Each structure stands twice: as C-alpha cells, then as structure tokens.
file work-v8.tsv (TSV, C-alpha atoms)
chain	number	residue	atom	x	y	z
A	1	MET	CA	-2.33	6.94	-18.16
A	2	ARG	CA	0.88	8.43	-19.44
A	3	ARG	CA	4.25	7.41	-18.06
A	4	HIS	CA	5.93	9.63	-15.53
A	5	ARG	CA	9.46	10.35	-14.51
A	6	THR	CA	8.97	9.84	-10.81
A	7	ILE	CA	9.38	12.74	-8.43
A	8	ALA	CA	8.90	13.27	-4.73
A	9	GLY	CA	6.63	10.75	-3.09
A	10	THR	CA	6.40	7.05	-3.73
A	11	VAL	CA	4.21	4.54	-5.35
A	12	LEU	CA	5.38	1.11	-5.19
A	13	ALA	CA	3.47	0.32	-8.35
A	14	VAL	CA	4.32	-2.75	-10.38
A	15	THR	CA	4.60	-2.61	-14.16
A	16	ALA	CA	4.75	-5.40	-16.72
A	17	LEU	CA	6.03	-5.60	-20.28
A	18	PHE	CA	3.34	-6.52	-22.80
A	19	ALA	CA	5.36	-9.01	-24.83
A	20	GLY	CA	6.61	-10.97	-21.84
A	21	ALA	CA	3.17	-10.95	-20.28
A	22	LEU	CA	1.50	-12.38	-23.36
A	23	SER	CA	4.01	-15.20	-23.69
A	24	ALA	CA	3.43	-16.29	-20.09
A	25	ALA	CA	-0.33	-15.84	-19.92
A	26	SER	CA	-1.28	-19.50	-19.85
A	27	ALA	CA	1.37	-20.43	-17.29
A	28	ALA	CA	0.33	-17.66	-14.92
A	29	ALA	CA	-3.41	-18.11	-15.15
A	30	ALA	CA	-3.78	-19.98	-11.84
A	31	PRO	CA	-1.50	-18.63	-9.08
A	32	VAL	CA	-0.58	-21.17	-6.40
A	33	PRO	CA	0.34	-20.10	-2.85
A	34	SER	CA	4.05	-20.24	-2.21
A	35	PRO	CA	5.19	-23.18	-0.05
A	36	PRO	CA	6.06	-22.50	3.57
A	37	THR	CA	9.66	-21.47	4.17
A	38	SER	CA	11.84	-20.57	7.10
A	39	THR	CA	12.24	-16.96	5.93
A	40	PRO	CA	11.36	-14.66	8.85
A	41	ALA	CA	8.07	-12.86	8.18
A	42	SER	CA	8.55	-10.14	10.78
A	43	PHE	CA	11.18	-7.61	11.75
A	44	ALA	CA	11.96	-5.17	14.56
A	45	PRO	CA	13.04	-2.09	12.58
A	46	LYS	CA	15.55	0.44	13.77
A	47	GLN	CA	13.44	3.37	14.92
A	48	ALA	CA	13.96	6.83	13.52
A	49	PRO	CA	15.84	9.24	15.78
A	50	THR	CA	13.74	12.00	17.27
A	51	GLY	CA	13.30	14.74	14.70
A	52	PHE	CA	14.41	12.58	11.76
A	53	TRP	CA	11.13	12.88	9.83
A	54	THR	CA	10.97	16.63	9.38
A	55	ALA	CA	8.32	18.20	7.15
A	56	GLU	CA	10.97	18.74	4.48
A	57	ARG	CA	12.19	15.13	4.62
A	58	MET	CA	8.64	13.79	4.40
A	59	ARG	CA	7.87	15.98	1.40
A	60	ALA	CA	11.11	14.90	-0.29
A	61	ALA	CA	10.75	11.14	0.26
A	62	THR	CA	11.51	9.56	-3.12
A	63	PRO	CA	9.68	6.79	-4.97
A	64	LEU	CA	10.61	3.15	-4.65
A	65	ASP	CA	9.09	1.78	-7.85
A	66	LEU	CA	8.55	-1.86	-8.62
A	67	ILE	CA	8.80	-2.85	-12.27
A	68	ARG	CA	7.30	-6.13	-13.36
A	69	THR	CA	9.38	-7.22	-16.33
A	70	VAL	CA	7.73	-10.62	-16.72
A	71	PRO	CA	4.89	-12.16	-14.76
A	72	GLY	CA	6.18	-13.35	-11.42
A	73	SER	CA	9.30	-11.18	-11.58
A	74	VAL	CA	9.70	-7.75	-10.05
A	75	LYS	CA	12.69	-5.49	-9.65
A	76	ALA	CA	13.47	-1.92	-8.74
A	77	PRO	CA	15.38	0.48	-10.99
A	78	ALA	CA	18.67	1.93	-9.87
A	79	PRO	CA	18.45	5.04	-7.69
A	80	GLY	CA	18.28	8.18	-9.77
A	81	GLY	CA	17.39	6.37	-12.99
A	82	GLU	CA	14.27	6.91	-15.05
A	83	LYS	CA	11.37	4.95	-13.65
A	84	THR	CA	8.09	4.11	-15.26
A	85	VAL	CA	5.21	4.54	-12.86
A	86	ILE	CA	1.78	3.40	-13.83
A	87	ALA	CA	-1.32	4.16	-12.05
A	88	PRO	CA	-4.77	3.87	-13.30
A	89	THR	CA	-7.17	6.36	-14.75
A	90	ALA	CA	-10.43	6.10	-12.97
A	91	PHE	CA	-13.54	4.42	-14.21
A	92	PRO	CA	-16.19	5.33	-13.46
A	93	GLN	CA	-14.87	7.96	-11.03
A	94	PRO	CA	-11.50	9.68	-11.34
A	95	GLY	CA	-9.40	10.09	-8.24
A	96	GLY	CA	-9.93	13.29	-6.34
A	97	PRO	CA	-9.43	14.78	-2.88
A	98	TRP	CA	-11.64	13.19	-0.25
A	99	THR	CA	-13.93	15.92	1.06
A	100	GLY	CA	-16.49	13.71	2.75
A	101	GLY	CA	-14.89	13.77	6.19
A	102	GLY	CA	-15.59	10.91	8.56
A	103	ALA	CA	-13.33	8.32	10.14
A	104	VAL	CA	-11.20	7.63	7.05
A	105	VAL	CA	-9.65	11.09	7.28
A	106	LYS	CA	-7.89	10.09	10.52
A	107	THR	CA	-7.36	6.36	10.04
A	108	SER	CA	-5.62	6.79	6.66
A	109	GLY	CA	-2.12	8.18	6.53
A	110	ARG	CA	1.28	8.18	4.92
A	111	VAL	CA	4.03	5.70	5.74
A	112	PHE	CA	7.68	6.81	5.69
A	113	PHE	CA	10.77	4.63	5.84
A	114	THR	CA	14.38	4.22	4.76
A	115	PHE	CA	15.29	1.68	2.06
A	116	GLN	CA	18.85	1.16	0.77
A	117	GLY	CA	19.90	4.56	2.02
A	118	ARG	CA	16.93	6.37	0.51
A	119	THR	CA	13.88	7.85	2.20
A	120	ALA	CA	10.62	6.69	0.65
A	121	SER	CA	6.90	6.66	1.35
A	122	CYS	CA	3.74	4.63	1.02
A	123	SER	CA	0.24	4.81	2.47
A	124	GLY	CA	-1.43	2.84	5.26
A	125	ASN	CA	-4.48	2.53	7.48
A	126	SER	CA	-5.22	2.04	11.18
A	127	VAL	CA	-7.33	-1.10	11.71
A	128	THR	CA	-9.21	-2.62	14.63
A	129	SER	CA	-6.96	-4.92	16.65
A	130	GLN	CA	-6.38	-6.48	20.04
A	131	ASN	CA	-3.41	-4.20	20.69
A	132	GLY	CA	-5.00	-1.06	19.26
A	133	SER	CA	-1.72	-0.38	17.47
A	134	THR	CA	-1.93	-2.13	14.09
A	135	VAL	CA	-1.43	-0.55	10.67
A	136	ILE	CA	-2.16	-2.42	7.42
A	137	THR	CA	-0.16	-1.53	4.31
A	138	ALA	CA	1.40	-3.27	1.29
A	139	GLY	CA	4.08	-5.94	1.75
A	140	HIS	CA	6.60	-3.98	-0.28
A	141	CYS	CA	6.05	-1.04	2.08
A	142	VAL	CA	7.70	-3.03	4.89
A	143	LYS	CA	10.16	-5.29	3.00
A	144	TYR	CA	11.64	-5.28	-0.48
A	145	GLN	CA	14.51	-7.01	-2.31
A	146	GLY	CA	15.18	-9.09	0.78
A	147	SER	CA	15.60	-6.06	3.04
A	148	TRP	CA	13.26	-4.82	5.74
A	149	HIS	CA	12.77	-1.07	5.82
A	150	THR	CA	14.02	0.99	8.77
A	151	ASN	CA	13.05	4.33	10.34
A	152	TRP	CA	9.44	3.25	9.71
A	153	VAL	CA	6.69	5.63	10.85
A	154	PHE	CA	2.97	6.02	10.22
A	155	VAL	CA	1.56	9.55	9.97
A	156	PRO	CA	-2.25	9.43	10.19
A	157	ALA	CA	-4.14	12.33	8.58
A	158	TYR	CA	-0.91	13.55	6.96
A	159	ASN	CA	-1.35	17.07	5.64
A	160	ASN	CA	1.40	18.55	3.48
A	161	GLY	CA	4.31	17.89	5.82
A	162	HIS	CA	2.25	18.16	9.00
A	163	ALA	CA	1.43	15.31	11.37
A	164	PRO	CA	-1.66	16.48	13.28
A	165	TYR	CA	-1.86	13.23	15.31
A	166	GLY	CA	1.86	12.59	15.58
A	167	GLN	CA	4.36	10.20	14.03
A	168	TRP	CA	3.90	6.57	15.11
A	169	SER	CA	7.10	4.53	15.08
A	170	ALA	CA	6.93	0.83	14.25
A	171	THR	CA	8.25	-1.57	16.89
A	172	LYS	CA	7.55	-4.50	14.56
A	173	THR	CA	6.78	-4.89	10.87
A	174	LEU	CA	5.33	-8.00	9.27
A	175	ALA	CA	4.47	-9.42	5.85
A	176	THR	CA	2.66	-12.46	4.60
A	177	ASP	CA	4.82	-15.57	4.54
A	178	GLN	CA	4.59	-15.57	0.74
A	179	TRP	CA	5.81	-11.99	0.41
A	180	ALA	CA	8.59	-12.49	2.97
A	181	ALA	CA	9.81	-15.65	1.21
A	182	SER	CA	9.64	-14.71	-2.46
A	183	GLU	CA	7.89	-11.33	-2.77
A	184	ASP	CA	4.93	-12.98	-4.47
A	185	ILE	CA	2.78	-10.14	-5.81
A	186	ASN	CA	-0.42	-12.08	-5.04
A	187	TYR	CA	0.33	-11.69	-1.32
A	188	ASP	CA	1.58	-8.11	-1.22
A	189	VAL	CA	0.23	-7.43	2.28
A	190	GLY	CA	2.15	-5.97	5.19
A	191	ALA	CA	1.45	-4.74	8.70
A	192	ALA	CA	3.12	-2.74	11.41
A	193	VAL	CA	2.75	-2.59	15.16
A	194	VAL	CA	3.37	0.95	16.35
A	195	ALA	CA	4.44	2.16	19.78
A	196	PRO	CA	2.00	4.15	21.94
A	197	LEU	CA	2.33	7.91	21.75
A	198	ASN	CA	1.70	10.18	24.71
A	199	GLY	CA	0.36	7.21	26.68
A	200	ARG	CA	-2.30	6.31	24.10
A	201	THR	CA	-2.59	3.69	21.40
A	202	LEU	CA	-3.09	4.51	17.74
A	203	ALA	CA	-6.72	3.35	17.79
A	204	GLN	CA	-7.45	5.42	20.89
A	205	THR	CA	-6.05	8.47	19.13
A	206	VAL	CA	-7.37	8.27	15.55
A	207	GLY	CA	-9.82	5.36	15.55
A	208	ALA	CA	-9.60	2.19	13.46
A	209	GLN	CA	-11.38	0.53	10.55
A	210	GLY	CA	-12.75	-3.01	10.47
A	211	LEU	CA	-11.52	-5.69	8.06
A	212	GLN	CA	-13.06	-8.50	6.04
A	213	PHE	CA	-11.30	-11.64	4.85
A	214	ASN	CA	-12.40	-14.09	2.16
A	215	GLY	CA	-15.18	-11.72	1.14
A	216	GLY	CA	-15.19	-12.57	-2.56
A	217	TYR	CA	-14.78	-10.47	-5.71
A	218	ASN	CA	-16.79	-8.06	-7.86
A	219	LYS	CA	-17.90	-5.57	-5.25
A	220	ALA	CA	-18.32	-1.82	-5.01
A	221	MET	CA	-15.02	-0.50	-3.65
A	222	TYR	CA	-13.52	2.73	-2.36
A	223	ALA	CA	-9.73	3.10	-2.53
A	224	PHE	CA	-7.73	5.72	-0.61
A	225	GLY	CA	-4.12	6.82	-0.60
A	226	PHE	CA	-1.60	9.64	-0.77
A	227	PRO	CA	-0.32	9.68	-4.38
A	228	ALA	CA	2.64	11.99	-4.90
A	229	ALA	CA	3.45	11.73	-8.63
A	230	ALA	CA	1.81	14.17	-11.06
A	231	PRO	CA	-0.92	15.29	-11.09
A	232	TYR	CA	-0.78	14.79	-7.31
A	233	ASP	CA	1.80	16.01	-4.81
A	234	GLY	CA	1.31	13.75	-1.78
A	235	SER	CA	-0.21	16.50	0.32
A	236	LYS	CA	-3.81	15.27	0.38
A	237	LEU	CA	-5.87	12.12	0.86
A	238	ILE	CA	-7.15	11.01	-2.56
A	239	HIS	CA	-9.86	8.46	-3.30
A	240	CYS	CA	-11.39	6.51	-6.16
A	241	SER	CA	-14.56	4.43	-6.22
A	242	GLY	CA	-16.31	2.03	-8.53
A	243	ASN	CA	-17.15	-1.61	-9.12
A	244	SER	CA	-14.16	-3.91	-8.74
A	245	SER	CA	-13.39	-7.08	-10.68
A	246	LYS	CA	-10.87	-9.91	-10.49
A	247	ASP	CA	-7.59	-9.65	-12.41
A	248	PHE	CA	-8.05	-11.89	-15.45
A	249	LEU	CA	-4.36	-11.86	-16.41
A	250	PHE	CA	-1.60	-12.89	-14.03
A	251	SER	CA	-2.71	-12.49	-10.44
A	252	GLN	CA	-5.62	-13.30	-8.16
A	253	ASP	CA	-5.94	-9.65	-7.18
A	254	HIS	CA	-8.82	-7.20	-7.19
A	255	SER	CA	-8.89	-4.64	-10.01
A	256	LEU	CA	-10.34	-1.14	-9.81
A	257	GLY	CA	-10.37	1.84	-12.14
A	258	CYS	CA	-8.42	4.64	-10.44
A	259	ASN	CA	-5.97	7.36	-11.40
A	260	MET	CA	-3.96	7.51	-8.19
A	261	THR	CA	-0.23	7.69	-8.87
A	262	GLY	CA	3.03	7.19	-6.99
A	263	GLY	CA	2.77	7.18	-3.20
A	264	SER	CA	-0.60	5.46	-2.99
A	265	SER	CA	0.78	1.94	-2.39
A	266	GLY	CA	-0.54	0.42	0.82
A	267	GLY	CA	-3.59	2.67	0.96
A	268	PRO	CA	-6.81	0.89	1.98
A	269	TRP	CA	-9.59	-0.50	-0.19
A	270	PHE	CA	-13.00	-0.69	1.48
A	271	THR	CA	-16.24	-2.50	0.79
A	272	SER	CA	-19.52	-1.61	2.53
A	273	PHE	CA	-18.14	1.94	2.73
A	274	SER	CA	-20.34	4.72	4.08
A	275	GLU	CA	-19.62	8.16	2.67
A	276	ALA	CA	-21.58	9.66	5.57
A	277	THR	CA	-19.38	8.18	8.30
A	278	GLY	CA	-16.16	7.46	6.39
A	279	THR	CA	-16.16	3.87	7.61
A	280	GLY	CA	-16.05	0.52	5.86
A	281	LEU	CA	-14.47	-2.93	5.88
A	282	GLN	CA	-10.93	-3.05	4.55
A	283	VAL	CA	-10.47	-5.81	1.98
A	284	SER	CA	-7.28	-4.86	0.11
A	285	VAL	CA	-4.52	-2.30	-0.39
A	286	ASN	CA	-3.15	-0.42	-3.40
A	287	SER	CA	-0.45	-2.68	-4.83
A	288	PHE	CA	0.45	-2.53	-8.54
A	289	GLY	CA	-0.45	-1.86	-12.17
A	290	TYR	CA	0.54	-3.22	-15.60
A	291	THR	CA	2.30	-1.09	-18.20
A	292	PHE	CA	0.24	-2.63	-20.96
A	293	LEU	CA	-3.05	-2.16	-19.09
A	294	PRO	CA	-3.11	1.44	-17.95
A	295	ASN	CA	-5.97	3.00	-16.08
A	296	ARG	CA	-6.31	0.16	-13.59
A	297	MET	CA	-5.13	-0.32	-10.01
A	298	PHE	CA	-4.68	-3.79	-8.51
A	299	GLY	CA	-4.81	-4.91	-4.90
A	300	PRO	CA	-4.24	-8.29	-3.20
A	301	TYR	CA	-7.15	-10.47	-2.16
A	302	PHE	CA	-7.46	-10.60	1.62
A	303	GLY	CA	-7.65	-14.38	2.12
A	304	ASN	CA	-6.27	-16.67	4.81
A	305	GLU	CA	-2.71	-15.46	4.17
A	306	ALA	CA	-3.61	-11.82	4.83
A	307	LYS	CA	-5.59	-12.83	7.90
A	308	ALA	CA	-2.59	-14.71	9.25
A	309	VAL	CA	-0.32	-11.67	9.10
A	310	TYR	CA	-3.06	-9.49	10.61
A	311	ASP	CA	-3.54	-11.94	13.47
A	312	LYS	CA	0.20	-12.00	14.17
A	313	ALA	CA	0.32	-8.20	14.19
A	314	GLN	CA	-2.67	-7.64	16.49
A	315	ALA	CA	-1.37	-10.21	18.97
A	316	SER	CA	2.07	-8.56	19.17

call {"tool": "encode", "arguments": {"input": "work-v8.tsv", "output": "structure tokens"}}
result
Amino acid sequence: MRRHRTIAGTVLAVTALFAGALSAASAAAAPVPSPPTSTPASFAPKQAPTGFWTAERMRAATPLDLIRTVPGSVKAPAPGGEKTVIAPTAFPQPGGPWTGGGAVVKTSGRVFFTFQGRTASCSGNSVTSQNGSTVITAGHCVKYQGSWHTNWVFVPAYNNGHAPYGQWSATKTLATDQWAASEDINYDVGAAVVAPLNGRTLAQTVGAQGLQFNGGYNKAMYAFGFPAAAPYDGSKLIHCSGNSSKDFLFSQDHSLGCNMTGGSSGGPWFTSFSEATGTGLQVSVNSFGYTFLPNRMFGPYFGNEAKAVYDKAQAS
C-alpha cells in the first residue's frame, strides 16, 4: 500500500516506524492490561446544533490520523501537515463496495465528530443492547489525546452526504478503561449511546448486530467501513473478507488483509457472517496498521475489557 497525503474523510489508522519497532520487539511481545485508574471512561458530549452536520460538512470532515512512532506510543500530526496513512491491501479479497444487501447496509454507518476544532469522521455499527441505542466504534473515535470528541453523531447507511435514517446524536460516549487511561492500542474500543429519533430507538429503526466476546483467533472475518482516502471517497460502504490471524508483533489484536483506507476506523469486523442476510457476530473494529507492514488491517480483540464497556453502554 502506498502512502497517501490524507484528504477528506478520516482513518484513525496507526503507523509504526520499522527501526523503532524492531528494537522493541522482545519487550512488546506480551501486552499486559493497563492497571485500573481513576480516569473517567465515559463522557456526555456537547451535542451538535441542529443543522450542524450538513452534507457538505460531512463530506469535508478531515482525517485524524494516529502515527505509531514506537510500539506503545501514538501521536497525531499537526493539523494541515503531511500525514502518512496506511491501510492494508487485501488478501485474499481486495476491498470493494458491498453489494450483497442485508442488515449490514443499515447497521453500519459513518461517525462524525469535532476534535480540537476540526471536524473528523470514523465508522461504527449498531449492536444489540438493552437500551436499543448502542453504537460500537474504535476508542480513538470517541476520545483522543486526553480529549473526548464533541458534536458526535452516527449516520447509519450513510450515502454520499445523505442520511437516509437520520443523524443520531450521542448522549454518552465510552471507552475501555485502558484506552481512557493511557490510550493503549490493544484496547482501542469505544461505544456511544445515542438519543431516540422521532420516538424510536436506533435498533428499532435500522436493526442491530449481535456481538461475541472471547471468541478466539484465526477465524474467517468480514470487515466493513467507510474509507475516504484514495482510492475511496467515503461515499460507500466498503468491505473486505478473508481468514484472520493474531498480530505476531506488538499487539494482541486480530490481523486481516484489507485495502480499506482513511475513514474506516471503528467499522465492524464480523465472524459467522452470512452474505445472504448481512448478519454476523461483531468481534472487532478497524483500528490501525503498521508502516513497515503494509497491506494489513488490525483490530482489537473483544475480551473482557471490551465486554465491560459494552455492558456499561447498553445499561445507560
């Protein structure tokens, strides 16, 4: 995958420098969960004013790229600077528009928010929950560099600036304790509770996908998202599929061949996915890639930590 100067859209993809990664390989081989802290793991974001997320503003939302300079360290480049975005080239199947229909067309969507004065975007997915109003996304799609995002909305079935099922404003956003405390890439999982719209919950309106926790590694996976960096433009739902594996380098994440680019962060990964119905069990989200290992996408393992944040969200 070649490097891109990022354009409209977002990927919150993580990159790593080869030299620094090699020198720290042995130290990073066995990630350990971060210790509990008092850092708040949830936030009530300022909601976007009515009419804030116009079609033009959604199309123009700019990338918020994470760069992994050494294992365990991430940072974002200065606004307006050149950013290196890596996203994988697919193996065995390249990313392409999802034409299979089914539930995933409505449950998947784009996420828009404001971060440090900039508008940015990610991807997300409506999941089954007690409150019928829970969206799962990446941790950095709700909080980054110690700041929680504001003006946060979920747009299911986003279509080139259009929101066929409305814009769903978050009343609460959450992240794993590990992401909230230290932005540990192994626990890059976030969630949002969205307000009802027109008297109905999100799940009542677009449906919801099931989840699986502690399901193991090395499974057939389908990944979905709304990449916006070339060759994509953020207007369509894109997918990749193939056999996943465990990251053998610096994280405990899943790894999947996929050529989705910027904007796909937070999009769902499914196992037991049915192409006929567009349904599956969500087991991860698009999270990051390494500069020295192109053509691969990585997503956090949904273990007890991910379940904890999901349980907090669905009970809100």

call {"tool": "closest_residue", "arguments": {"input": "work-v8.tsv", "among": "A:Ser129, A:Thr271, A:Gln314, A:Thr261", "to": "Ala230 in chain A", "atoms": "all atoms listed in the file"}}
result
A:Thr261

call {"tool": "atom_distance", "arguments": {"input": "work-v8.tsv", "atom1": "CA of Thr201 in chain A", "atom2": "CA of Ser133 in chain A"}}
result
5.7 Å

call {"tool": "residues_around", "arguments": {"input": "work-v8.tsv", "residues": "Ser121 in chain A", "least_positions_apart": "6", "cutoff": "12 Å", "atoms": "all atoms listed in the file", "output": "ChimeraX atom specification"}}
result
/A:7-12,53,57-65,109-115,137-138,140-142,149-155,158,225-229,234,262-267

call {"tool": "atom_distance", "arguments": {"input": "work-v8.tsv", "atom1": "CA of Thr99 in chain A", "atom2": "CA of Val189 in chain A"}}
result
27.3 Å

call {"tool": "closest_atom_pairs", "arguments": {"input": "work-v8.tsv", "of": "range 120-162 of chain A", "to": "range 104-108 of chain A", "cutoff": "7 Å", "atoms": "all atoms listed in the file", "output": "tab-separated table"}}
result
residue	atom	partner	partner_atom	distance
A:Gly124	CA	A:Ser108	CA	5.9
A:Asn125	CA	A:Ser108	CA	4.5
A:Ser126	CA	A:Thr107	CA	5.0
A:Pro156	CA	A:Ser108	CA	5.5
A:Ala157	CA	A:Lys106	CA	4.8

call {"tool": "residues_near_point", "arguments": {"input": "work-v8.tsv", "point": "(-15.8, -11.4, 3.8)", "cutoff": "12 Å", "atoms": "all atoms listed in the file", "output": "ChimeraX atom specification"}}
result
/A:210-217,219,270-272,281-284,301-304,307

call {"tool": "closest_residue", "arguments": {"input": "work-v8.tsv", "among": "A:Ser245, A:Asp233, A:Cys122, A:Val206", "to": "Ser287 in chain A", "atoms": "all atoms listed in the file"}}
result
A:Cys122

call {"tool": "atom_distance", "arguments": {"input": "work-v8.tsv", "atom1": "CA of Ser244 in chain A", "atom2": "CA of Ala276 in chain A"}}
result
21.1 Å

call {"tool": "closest_residue", "arguments": {"input": "work-v8.tsv", "among": "A:Gly96, A:Gly139, A:Pro196, A:Pro164", "to": "Gly299 in chain A", "atoms": "all atoms listed in the file"}}
result
A:Gly139

call {"tool": "closest_residue", "arguments": {"input": "work-v8.tsv", "among": "A:Ser182, A:Thr134, A:Thr173, A:Ser241", "to": "Leu202 in chain A", "atoms": "only C-alpha atoms"}}
result
A:Thr134
